[in-house]
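Pasting work-v2.cif here (mmCIF, C-alpha atoms and all ligand atoms):
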data_model
#
loop_
_atom_site.label_atom_id
_atom_site.label_comp_id
_atom_site.auth_asym_id
_atom_site.auth_seq_id
_atom_site.Cartn_x
_atom_site.Cartn_y
_atom_site.Cartn_z
CA MET A 17 322.79 54.80 198.99
CA THR A 18 321.20 51.40 199.32
CA ILE A 19 320.85 49.03 196.46
CA ALA A 20 317.96 46.65 196.85
CA ILE A 21 318.93 43.29 195.45
CA GLU A 22 315.76 41.52 194.53
CA LYS A 23 315.70 37.77 194.68
CA GLN A 24 315.13 36.38 191.22
CA TYR A 25 314.02 33.04 189.85
CA GLU A 26 316.77 30.63 188.91
CA SER A 27 316.54 26.89 188.51
CA LEU A 28 318.33 24.93 191.22
CA THR A 29 321.14 22.45 190.76
CA GLU A 30 321.55 19.56 193.24
CA GLU A 31 324.24 21.63 195.01
CA GLY A 32 321.93 24.64 195.08
CA ALA A 33 319.11 22.52 196.50
CA VAL A 34 321.39 21.40 199.35
CA LEU A 35 322.29 25.01 200.16
CA TYR A 36 318.60 25.90 200.04
CA ALA A 37 317.71 23.02 202.36
CA LYS A 38 320.38 24.10 204.87
CA GLU A 39 318.63 27.48 205.22
CA LEU A 40 315.35 25.85 206.22
CA ASN A 41 316.22 24.99 209.85
CA PHE A 42 314.86 21.53 209.16
CA PHE A 43 318.08 19.55 209.45
CA PRO A 44 320.57 19.86 212.36
CA PRO A 45 322.92 22.80 211.53
CA ASP A 46 326.00 20.64 210.97
CA ALA A 47 324.27 17.80 209.10
CA GLU A 48 325.85 16.57 205.89
CA LEU A 49 323.20 16.27 203.19
CA GLU A 50 322.87 14.09 200.10
CA CYS A 51 320.72 15.19 197.18
CA ARG A 52 319.27 13.57 194.06
CA GLU A 53 316.98 15.03 191.41
CA ILE A 54 314.24 12.40 190.99
CA GLY A 55 311.61 14.17 188.84
CA ASP A 56 310.51 13.16 185.36
CA GLY A 57 312.05 16.32 184.01
CA ASN A 58 309.30 17.55 181.72
CA LEU A 59 307.82 20.31 183.83
CA ASN A 60 309.42 20.37 187.24
CA TYR A 61 312.47 19.42 189.26
CA VAL A 62 311.98 17.18 192.29
CA PHE A 63 314.98 17.10 194.65
CA TYR A 64 315.22 14.41 197.30
CA ILE A 65 317.41 15.57 200.19
CA LYS A 66 318.46 13.45 203.17
CA GLU A 67 320.96 13.70 206.01
CA LEU A 68 323.82 11.24 205.59
CA SER A 69 323.93 10.19 209.22
CA GLY A 70 320.30 10.32 210.30
CA ASP A 71 316.79 9.72 209.04
CA LYS A 72 315.49 13.18 208.26
CA SER A 73 314.62 13.88 204.64
CA LEU A 74 312.54 16.25 202.58
CA ILE A 75 311.47 17.03 199.03
CA ILE A 76 312.04 20.30 197.18
CA LYS A 77 309.84 20.57 194.09
CA GLN A 78 310.65 23.45 191.76
CA ALA A 79 308.61 24.49 188.73
CA LEU A 80 310.57 25.18 185.53
CA PRO A 81 309.50 28.15 183.40
CA TYR A 82 308.76 25.92 180.42
CA ALA A 83 307.27 22.55 179.53
CA LYS A 84 308.88 20.14 177.12
CA VAL A 85 306.12 19.13 174.75
CA VAL A 86 306.63 17.34 171.43
CA GLY A 87 310.34 18.07 171.56
CA GLU A 88 309.73 21.78 171.93
CA SER A 89 309.85 24.07 174.93
CA TRP A 90 306.72 26.00 175.69
CA PRO A 91 306.73 28.78 178.27
CA LEU A 92 304.59 27.85 181.25
CA THR A 93 303.73 30.01 184.24
CA LEU A 94 305.74 29.59 187.45
CA LYS A 95 302.62 30.51 189.40
CA ARG A 96 301.59 26.87 189.25
CA ALA A 97 304.05 26.11 192.06
CA ALA A 98 302.12 28.33 194.48
CA ILE A 99 298.83 26.92 193.18
CA GLU A 100 300.09 23.40 193.89
CA ALA A 101 301.38 24.26 197.37
CA ASN A 102 298.22 26.15 198.31
CA ALA A 103 295.99 23.37 196.99
CA LEU A 104 297.95 20.84 199.07
CA LYS A 105 297.41 23.02 202.13
CA LYS A 106 293.73 23.65 201.41
CA HIS A 107 293.05 19.96 200.79
CA ALA A 108 294.99 19.03 203.94
CA GLU A 109 292.42 21.00 205.95
CA PHE A 110 289.84 18.36 205.03
CA ALA A 111 291.86 15.28 204.08
CA ALA A 112 294.73 15.42 206.57
CA GLY A 113 296.97 12.39 206.21
CA LEU A 114 296.02 11.90 202.55
CA VAL A 115 298.35 14.62 201.18
CA PRO A 116 302.01 15.42 201.90
CA THR A 117 302.66 18.11 204.52
CA VAL A 118 303.93 21.37 203.03
CA TYR A 119 306.89 22.72 205.03
CA ALA A 120 307.56 25.91 203.05
CA ILE A 121 306.51 27.85 199.96
CA ASP A 122 308.83 30.13 197.94
CA GLU A 123 306.93 32.00 195.24
CA VAL A 124 310.00 33.66 193.71
CA LEU A 125 311.88 30.43 193.19
CA ALA A 126 308.60 28.53 192.45
CA ILE A 127 309.49 26.03 195.16
CA THR A 128 307.41 23.83 197.43
CA VAL A 129 309.24 22.14 200.29
CA MET A 130 307.31 19.08 201.42
CA GLU A 131 307.21 15.80 203.25
CA ASP A 132 309.31 13.03 201.70
CA LEU A 133 307.14 10.08 200.66
CA SER A 134 309.89 7.86 199.27
CA HIS A 135 308.82 4.98 201.51
CA LEU A 136 305.71 4.72 199.31
CA LYS A 137 305.36 3.77 195.64
CA ILE A 138 303.55 5.59 192.85
CA ALA A 139 300.24 3.71 192.57
CA ARG A 140 300.46 3.38 188.77
CA GLU A 141 303.78 1.52 189.11
CA GLY A 142 302.47 -0.66 191.92
CA LEU A 143 299.24 -1.51 190.11
CA ILE A 144 301.17 -2.50 186.97
CA GLU A 145 303.27 -4.80 189.18
CA LEU A 146 300.03 -6.27 190.65
CA GLU A 147 300.81 -5.00 194.14
CA SER A 148 297.93 -4.97 196.56
CA TYR A 149 296.60 -1.68 197.90
CA PRO A 150 293.64 -2.70 200.08
CA ASN A 151 293.07 0.90 201.23
CA LEU A 152 293.50 2.71 197.94
CA SER A 153 289.84 3.20 197.00
CA LYS A 154 288.70 3.79 200.58
CA HIS A 155 291.28 6.56 200.94
CA ILE A 156 290.71 8.13 197.54
CA GLY A 157 286.91 7.98 197.97
CA LYS A 158 287.34 9.83 201.25
CA TYR A 159 289.84 12.30 199.77
CA LEU A 160 287.40 13.08 196.95
CA ALA A 161 284.37 13.51 199.23
CA GLN A 162 286.19 15.65 201.78
CA THR A 163 288.12 17.96 199.48
CA LEU A 164 285.31 18.40 196.97
CA PHE A 165 282.43 18.83 199.42
CA HIS A 166 284.25 21.26 201.69
CA THR A 167 285.35 23.54 198.85
CA SER A 168 281.91 23.55 197.17
CA ASP A 169 278.87 25.78 197.69
CA PHE A 170 277.48 23.02 199.89
CA GLY A 171 280.41 23.33 202.31
CA LEU A 172 281.23 27.03 202.12
CA HIS A 173 279.59 30.42 202.42
CA PRO A 174 279.23 31.89 198.89
CA PHE A 175 281.72 34.69 199.71
CA GLU A 176 284.38 32.27 200.94
CA LYS A 177 283.81 30.03 197.96
CA LYS A 178 284.14 32.83 195.41
CA LYS A 179 287.31 34.04 197.12
CA LEU A 180 288.81 30.60 196.57
CA VAL A 181 287.60 30.53 192.97
CA SER A 182 289.69 33.64 192.28
CA GLU A 183 292.70 32.47 194.32
CA PHE A 184 292.83 29.26 192.32
CA SER A 185 292.48 30.78 188.87
CA ASN A 186 294.87 28.62 186.81
CA PRO A 187 294.29 29.49 183.13
CA GLU A 188 297.53 28.21 181.62
CA LEU A 189 297.33 24.78 183.19
CA CYS A 190 293.60 24.55 182.41
CA LYS A 191 294.43 25.32 178.77
CA ILE A 192 296.69 22.26 178.70
CA THR A 193 293.79 20.10 179.88
CA GLU A 194 291.34 21.79 177.51
CA ASP A 195 293.65 21.02 174.58
CA LEU A 196 295.11 17.65 175.49
CA ILE A 197 292.04 15.98 177.03
CA PHE A 198 289.06 17.67 175.42
CA THR A 199 290.14 18.94 172.00
CA ASP A 200 293.20 17.47 170.30
CA PRO A 201 292.34 13.73 170.49
CA PHE A 202 289.07 14.44 168.67
CA PHE A 203 290.72 16.22 165.74
CA ASP A 204 293.65 15.50 163.44
CA LYS A 205 296.17 17.53 165.50
CA GLU A 206 299.92 17.07 165.49
CA THR A 207 300.05 16.74 169.27
CA ASN A 208 298.29 13.37 168.97
CA ASP A 209 300.42 10.27 169.26
CA PHE A 210 299.00 6.89 168.28
CA GLU A 211 300.19 3.66 166.77
CA PRO A 212 299.65 3.19 163.01
CA LEU A 213 297.52 0.10 163.68
CA LEU A 214 295.01 2.33 165.49
CA ARG A 215 294.61 4.74 162.59
CA GLU A 216 291.23 3.39 161.46
CA ALA A 217 289.83 3.51 165.00
CA VAL A 218 291.16 7.05 165.46
CA LYS A 219 289.70 8.25 162.17
CA ALA A 220 286.34 6.85 163.24
CA ILE A 221 286.54 9.03 166.36
CA TRP A 222 287.44 12.12 164.32
CA ASN A 223 284.45 11.46 162.06
CA ASN A 224 281.96 10.71 164.83
CA GLY A 225 279.87 13.86 165.08
CA THR A 226 277.64 12.42 167.80
CA LEU A 227 280.65 11.71 169.99
CA LYS A 228 282.23 15.09 169.30
CA LEU A 229 279.04 16.89 170.29
CA GLU A 230 279.09 15.12 173.67
CA VAL A 231 282.80 15.89 174.14
CA ALA A 232 282.09 19.54 173.34
CA LYS A 233 279.47 19.54 176.11
CA LEU A 234 281.90 17.96 178.57
CA LYS A 235 284.57 20.49 177.65
CA ASN A 236 282.06 23.26 178.25
CA SER A 237 281.31 21.83 181.70
CA PHE A 238 285.02 21.71 182.47
CA MET A 239 285.46 25.34 181.44
CA THR A 240 282.38 26.83 183.09
CA GLU A 241 281.25 24.83 186.13
CA ALA A 242 283.12 26.09 189.20
CA GLU A 243 281.74 23.45 191.57
CA ALA A 244 284.72 22.69 193.80
CA LEU A 245 288.49 23.03 194.15
CA LEU A 246 289.71 20.14 192.03
CA HIS A 247 293.05 18.38 192.15
CA GLY A 248 292.90 18.64 188.37
CA ASP A 249 295.29 15.79 187.49
CA LEU A 250 294.17 12.86 189.64
CA HIS A 251 295.56 9.93 187.70
CA THR A 252 297.27 7.00 189.42
CA GLY A 253 300.68 8.62 188.76
CA SER A 254 299.67 11.41 191.17
CA ILE A 255 299.08 8.97 194.02
CA PHE A 256 301.64 7.44 196.36
CA ALA A 257 300.49 4.21 198.04
CA SER A 258 301.39 1.28 200.25
CA GLU A 259 299.23 -1.40 201.86
CA THR A 260 298.30 1.04 204.62
CA GLU A 261 298.94 4.58 203.35
CA THR A 262 297.72 6.73 200.46
CA LYS A 263 298.97 10.24 199.61
CA VAL A 264 297.83 12.44 196.76
CA ILE A 265 300.58 14.60 195.23
CA ASP A 266 301.01 17.01 192.30
CA PRO A 267 297.89 19.26 192.23
CA GLU A 268 299.53 21.88 189.99
CA PHE A 269 296.41 21.76 187.76
CA ALA A 270 294.15 22.68 190.70
CA PHE A 271 291.27 25.05 189.88
CA TYR A 272 287.53 25.39 190.42
CA GLY A 273 285.84 22.92 188.12
CA PRO A 274 283.22 20.16 187.95
CA ILE A 275 283.47 17.57 190.74
CA GLY A 276 283.14 14.64 188.34
CA PHE A 277 286.43 15.55 186.68
CA ASP A 278 288.55 14.40 189.64
CA VAL A 279 286.41 11.31 190.24
CA GLY A 280 286.38 10.45 186.53
CA LEU A 281 290.15 10.75 186.04
CA PHE A 282 290.83 8.38 188.91
CA LEU A 283 288.22 5.84 187.74
CA ALA A 284 289.51 5.98 184.15
CA ASN A 285 292.99 5.05 185.32
CA LEU A 286 291.52 2.09 187.24
CA ILE A 287 289.51 1.10 184.16
CA VAL A 288 292.78 0.87 182.19
CA GLN A 289 293.86 -1.75 184.74
CA THR A 290 290.63 -3.72 184.21
CA VAL A 291 291.52 -3.87 180.52
CA THR A 292 295.13 -5.03 180.94
CA ARG A 293 294.62 -7.56 183.75
CA GLU A 294 293.63 -11.21 183.54
CA ASN A 295 290.33 -12.20 185.12
CA ASP A 296 291.57 -13.37 188.51
CA LYS A 297 293.71 -10.25 189.01
CA ARG A 298 291.00 -7.97 187.70
CA VAL A 299 288.39 -8.46 190.40
CA VAL A 300 290.35 -6.38 192.89
CA ILE A 301 290.30 -3.43 190.47
CA LEU A 302 286.55 -3.76 189.88
CA ASN A 303 286.16 -3.68 193.67
CA HIS A 304 288.27 -0.52 193.83
CA ILE A 305 286.03 1.13 191.23
CA GLN A 306 282.89 0.17 193.15
CA GLN A 307 284.37 1.16 196.49
CA THR A 308 285.62 4.54 195.25
CA TRP A 309 282.15 5.56 194.16
CA GLU A 310 280.47 4.07 197.23
CA ILE A 311 282.77 5.76 199.71
CA PHE A 312 282.73 9.04 197.79
CA SER A 313 278.94 9.18 197.54
CA SER A 314 278.19 7.98 201.07
CA GLU A 315 280.73 10.34 202.64
CA PHE A 316 279.49 13.22 200.47
CA SER A 317 275.93 12.41 201.67
CA GLU A 318 277.05 12.44 205.31
CA LEU A 319 278.74 15.81 204.84
CA TRP A 320 275.61 17.10 203.13
CA LYS A 321 273.82 16.89 206.50
CA THR A 322 276.21 19.55 207.84
CA SER A 323 275.52 21.95 204.95
CA SER A 324 274.05 25.43 205.46
CA HIS A 325 272.85 25.45 201.86
CA PRO A 326 269.24 26.76 201.75
CA PHE A 327 268.02 23.85 199.61
CA LYS A 328 269.84 21.13 201.50
CA ASP A 329 266.61 19.59 202.86
CA THR A 330 264.65 20.02 199.65
CA GLU A 331 263.45 16.59 198.59
CA GLY A 332 265.48 15.21 195.70
CA TYR A 333 268.14 17.92 195.57
CA LYS A 334 271.02 15.87 196.99
CA GLU A 335 270.10 13.00 194.67
CA TYR A 336 270.04 15.39 191.71
CA ILE A 337 273.54 16.64 192.60
CA LEU A 338 274.95 13.12 193.06
CA ASP A 339 273.36 11.94 189.80
CA LYS A 340 274.92 14.90 188.02
CA ILE A 341 278.33 14.12 189.50
CA PHE A 342 277.92 10.48 188.43
CA SER A 343 277.14 11.23 184.78
CA ASP A 344 279.92 13.85 184.65
CA THR A 345 282.29 11.29 186.17
CA LEU A 346 281.52 8.77 183.41
CA GLY A 347 281.90 11.36 180.66
CA PHE A 348 285.21 12.71 181.95
CA ALA A 349 286.47 9.15 182.50
CA GLY A 350 285.66 8.46 178.85
CA CYS A 351 287.65 11.49 177.67
CA GLU A 352 290.61 10.43 179.84
CA LEU A 353 290.56 6.90 178.39
CA ILE A 354 290.62 8.20 174.84
CA ARG A 355 293.32 10.80 175.36
CA ARG A 356 295.58 8.34 177.25
CA THR A 357 295.36 6.03 174.22
CA ILE A 358 295.76 8.39 171.27
CA GLY A 359 296.66 11.82 172.67
CA LEU A 360 299.99 13.31 173.68
CA ALA A 361 300.35 11.82 177.18
CA HIS A 362 300.14 8.05 177.35
CA VAL A 363 300.11 5.64 180.29
CA LYS A 364 302.69 2.99 181.03
CA ASP A 365 299.92 0.46 181.82
CA LEU A 366 299.22 0.24 178.08
CA ASP A 367 302.47 1.29 176.41
CA SER A 368 304.65 -1.16 178.36
CA ILE A 369 302.80 -4.19 176.96
CA GLU A 370 305.31 -5.77 174.58
CA ASP A 371 303.07 -8.07 172.55
CA ASP A 372 301.85 -5.93 169.64
CA ASN A 373 298.54 -7.76 169.12
CA GLN A 374 297.66 -7.67 172.76
CA ARG A 375 298.62 -4.02 173.18
CA ILE A 376 296.65 -2.88 170.14
CA ASN A 377 293.71 -4.96 171.26
CA PHE A 378 293.76 -3.36 174.72
CA LYS A 379 294.03 0.10 173.19
CA LYS A 380 291.04 -0.58 170.96
CA GLN A 381 289.17 -1.58 174.10
CA THR A 382 290.04 1.61 175.99
CA LEU A 383 288.84 3.62 172.99
CA GLN A 384 285.55 1.69 172.83
CA ILE A 385 284.97 1.94 176.58
CA GLY A 386 285.82 5.64 176.51
CA GLU A 387 283.39 6.33 173.69
CA ALA A 388 280.59 4.32 175.34
CA LEU A 389 281.06 6.07 178.69
CA ILE A 390 280.79 9.46 177.01
CA LEU A 391 277.73 8.55 174.93
CA LYS A 392 275.86 6.59 177.59
CA ARG A 393 276.71 8.69 180.64
CA TYR A 394 273.07 9.66 181.26
CA GLU A 395 271.68 6.15 180.69
CA ILE A 396 274.09 4.43 183.05
CA CYS A 397 272.78 4.78 186.59
CA SER A 398 275.04 2.54 188.68
CA ILE A 399 278.53 1.10 188.94
CA ASP A 400 277.03 -2.33 188.11
CA GLU A 401 275.97 -0.95 184.75
CA VAL A 402 279.51 0.36 184.26
CA PHE A 403 280.73 -3.20 184.89
CA GLY A 404 278.25 -4.46 182.30
CA LEU A 405 279.72 -2.04 179.80
CA LEU A 406 283.28 -3.14 180.64
CA GLU A 407 282.29 -6.79 180.01
CA ARG A 408 280.76 -5.95 176.67
CA PHE A 409 284.07 -4.76 175.22
CA ARG A 410 286.24 -7.46 176.75
P1 LIG A 501 305.35 16.48 188.01
O1 LIG A 501 304.40 17.61 188.25
O2 LIG A 501 306.56 16.93 187.27
O3 LIG A 501 304.67 15.28 187.43
P2 LIG A 501 305.31 15.12 190.57
O4 LIG A 501 304.86 15.95 191.73
O5 LIG A 501 304.34 14.16 190.00
O6 LIG A 501 305.90 16.08 189.45
O7 LIG A 501 306.62 14.36 190.99
C1 LIG A 501 307.41 13.63 190.05
C2 LIG A 501 308.02 12.44 190.75
O8 LIG A 501 308.85 12.88 191.84
C3 LIG A 501 306.99 11.52 191.41
O9 LIG A 501 306.52 10.56 190.50
C4 LIG A 501 307.79 10.90 192.51
O10 LIG A 501 308.58 9.86 192.03
C5 LIG A 501 308.70 12.04 192.96
N1 LIG A 501 308.08 12.80 194.08
C6 LIG A 501 307.26 13.85 193.99
N2 LIG A 501 306.86 14.28 195.21
C7 LIG A 501 307.45 13.46 196.10
C8 LIG A 501 307.42 13.36 197.54
N3 LIG A 501 306.72 14.22 198.29
N4 LIG A 501 308.16 12.39 198.11
C9 LIG A 501 308.89 11.52 197.36
N5 LIG A 501 308.95 11.55 196.02
C10 LIG A 501 308.24 12.51 195.38
MG MG A 502 305.57 12.37 187.01
MG MG A 503 302.44 17.63 187.68
MG MG A 504 303.14 14.23 188.31
#

Take the structure in this file and express it as structure tokens.
Amino acid sequence: MTIAIEKQYESLTEEGAVLYAKELNFFPPDAELECREIGDGNLNYVFYIKELSGDKSLIIKQALPYAKVVGESWPLTLKRAAIEANALKKHAEFAAGLVPTVYAIDEVLAITVMEDLSHLKIAREGLIELESYPNLSKHIGKYLAQTLFHTSDFGLHPFEKKKLVSEFSNPELCKITEDLIFTDPFFDKETNDFEPLLREAVKAIWNNGTLKLEVAKLKNSFMTEAEALLHGDLHTGSIFASETETKVIDPEFAFYGPIGFDVGLFLANLIVQTVTRENDKRVVILNHIQQTWEIFSSEFSELWKTSSHPFKDTEGYKEYILDKIFSDTLGFAGCELIRRTIGLAHVKDLDSIEDDNQRINFKKQTLQIGEALILKRYEICSIDEVFGLLERFR
């Protein structure tokens, strides 16, 4: 009689992660390994593992079967680990060098083994500390154009594209975005989290039917428009950077959605920096915003020439698509600004400001900018007009 012992999910300890790493044939067989759990601990474990005498290191990221939200644990699918690993691999096909290399995937343990990027810093942290990332927008513009074009109907045969749509079905993680970005901040929900001094501004949002109608339309786009394989969570906390390198991590929210969502999330997180910075330190961020859109749209246009899409040479079609991406980008950026100010998940850029007056003032600005971007997304036709809008609320 044989008894099949099936491998089952269990969460790793640091000791367990070391044993796991030893099985990978990555380190020399007799290497002594050190291990530290370095994640934020809300959704996933991130184990950093390095040989004691030597330079080799790797990262083991493990999904936990729950998320800690408002003090409670909610069950959350482990499948997101495979989604994340497969999105990293898919995006690496087109943006090699801009994502960490995946060394191994373990669907049962919900583990991704990947390149260690500890020599870089999370861009949000670096931007708050006024560090200079001269290549950030060039790299992210390229990442966006390459990953989004090549996974869209302009870069793929319709059969290949629809196969990917089904492989990257990610309903539970999408639901988090649908609730936390598109719904809850616009209603009096208990997941919201805002300072008492913002209450009047928040109530004005809840009572603004015109704004809510536009948010409802943006949410509908997010839920129905399978344009490209998105990263799905492209804020500056999902980007590692240095002066020379940029790497995009953490695509566990990856799914087929509207292209402007990825572009808009990144731009919104830069816009927060334009609010918090003094004039002389702010110019560099405005340049990043301009450069991101310029590189994205010019590289997307170049790739368009390689398309086999039947309408690719039809006068005005490429411009129509880029205009649509631009207005979506502004609308999604607006939603991100509002939810990062009054929703469940905040950003350190704003919350770490100690002076109460200044912090509240900045938060009022992100709310105003967010609202204007949503409402005026079809009127605004260029990044210069976005800058005009940013000046108006300063
Ligand atoms: P989560 O999905 O829980 O947000 P992340 O993938 O964003 O997890 O990782 C959380 C943190 O772990 C990052 O902010 C970073 O500090 C660290 N980390 C993640 N991936 C790597 C990596 N490849 N190399 C080095 N550190 C990493
Ligand atoms: Mg994190
Ligand atoms: Mg994540
Ligand atoms: Mg993260």

**OP:** May I ask you to write as a ChimeraX atom specification all residues lying at most 10 Å from ligand MG 503 (chain A), with only C-alpha atoms and all ligand atoms counted?
**Re:** /A:55-56,58-60,79,96-97,100,189,248-250,253-254,265-269

Okay, now the selection with C-alpha atoms, as a PDB file, in the frame of the given file?
ATOM      1  CA  GLY A  55     311.610  14.170 188.840  1.00  0.00           C
ATOM      2  CA  ASP A  56     310.510  13.160 185.360  1.00  0.00           C
ATOM      3  CA  ASN A  58     309.300  17.550 181.720  1.00  0.00           C
ATOM      4  CA  LEU A  59     307.820  20.310 183.830  1.00  0.00           C
ATOM      5  CA  ASN A  60     309.420  20.370 187.240  1.00  0.00           C
ATOM      6  CA  ALA A  79     308.610  24.490 188.730  1.00  0.00           C
ATOM      7  CA  ARG A  96     301.590  26.870 189.250  1.00  0.00           C
ATOM      8  CA  ALA A  97     304.050  26.110 192.060  1.00  0.00           C
ATOM      9  CA  GLU A 100     300.090  23.400 193.890  1.00  0.00           C
ATOM     10  CA  LEU A 189     297.330  24.780 183.190  1.00  0.00           C
ATOM     11  CA  GLY A 248     292.900  18.640 188.370  1.00  0.00           C
ATOM     12  CA  ASP A 249     295.290  15.790 187.490  1.00  0.00           C
ATOM     13  CA  LEU A 250     294.170  12.860 189.640  1.00  0.00           C
ATOM     14  CA  GLY A 253     300.680   8.620 188.760  1.00  0.00           C
ATOM     15  CA  SER A 254     299.670  11.410 191.170  1.00  0.00           C
ATOM     16  CA  ILE A 265     300.580  14.600 195.230  1.00  0.00           C
ATOM     17  CA  ASP A 266     301.010  17.010 192.300  1.00  0.00           C
ATOM     18  CA  PRO A 267     297.890  19.260 192.230  1.00  0.00           C
ATOM     19  CA  GLU A 268     299.530  21.880 189.990  1.00  0.00           C
ATOM     20  CA  PHE A 269     296.410  21.760 187.760  1.00  0.00           C
TER      21      PHE A 269
END

10 Å contact set for A:Leu213, all atoms listed in the file, chain neighbours under 4 positions out, as a compact mmCIF listing (two decimals) with C-alpha atoms, in the frame of the given file:
# COMPACT_ATOMS: atom_id res chain seq x y z
CA ALA A 217 289.83 3.51 165.00
CA VAL A 218 291.16 7.05 165.46
CA ASP A 372 301.85 -5.93 169.64
CA ASN A 373 298.54 -7.76 169.12
CA ILE A 376 296.65 -2.88 170.14
CA ASN A 377 293.71 -4.96 171.26
CA LYS A 380 291.04 -0.58 170.96

**OP:** In the coordinate frame of the file, compute which residues have an atom within 8 Å of (281.2, 2.2, 180.4) when using only C-alpha atoms, and state them as a list in words.
**Re:** Leu346, Gly350, Ile385, Gly386, Ala388, Leu389, Lys392, Arg393, Ile396, Glu401, Val402, Phe403, Gly404, Leu405 and Leu406 of chain A

Original post:
Pick the closest to A:Thr290 from A:Phe409, A:Phe203, A:Tyr394, A:Phe175: which is it, counting all atoms listed in the file?
Top reply: A:Phe409

Subject >> For atom CA of A:Leu152 and atom CA of A:Glu335, the interatomic separation in Å (one decimal) >> reply: 25.8 Å

Mind checking which residues fall within 9 Å of A:Leu227, counting all atoms listed in the file, ignoring those fewer than 5 positions away in the same chain, and posting them as a compact mmCIF listing (two decimals) with C-alpha atoms, keeping the file's coordinate frame?
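Written output follows (part22.txt):
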# COMPACT_ATOMS: atom_id res chain seq x y z
CA PHE A 202 289.07 14.44 168.67
CA ILE A 221 286.54 9.03 166.36
CA TRP A 222 287.44 12.12 164.32
CA ALA A 232 282.09 19.54 173.34
CA GLU A 387 283.39 6.33 173.69
CA ILE A 390 280.79 9.46 177.01
CA LEU A 391 277.73 8.55 174.93
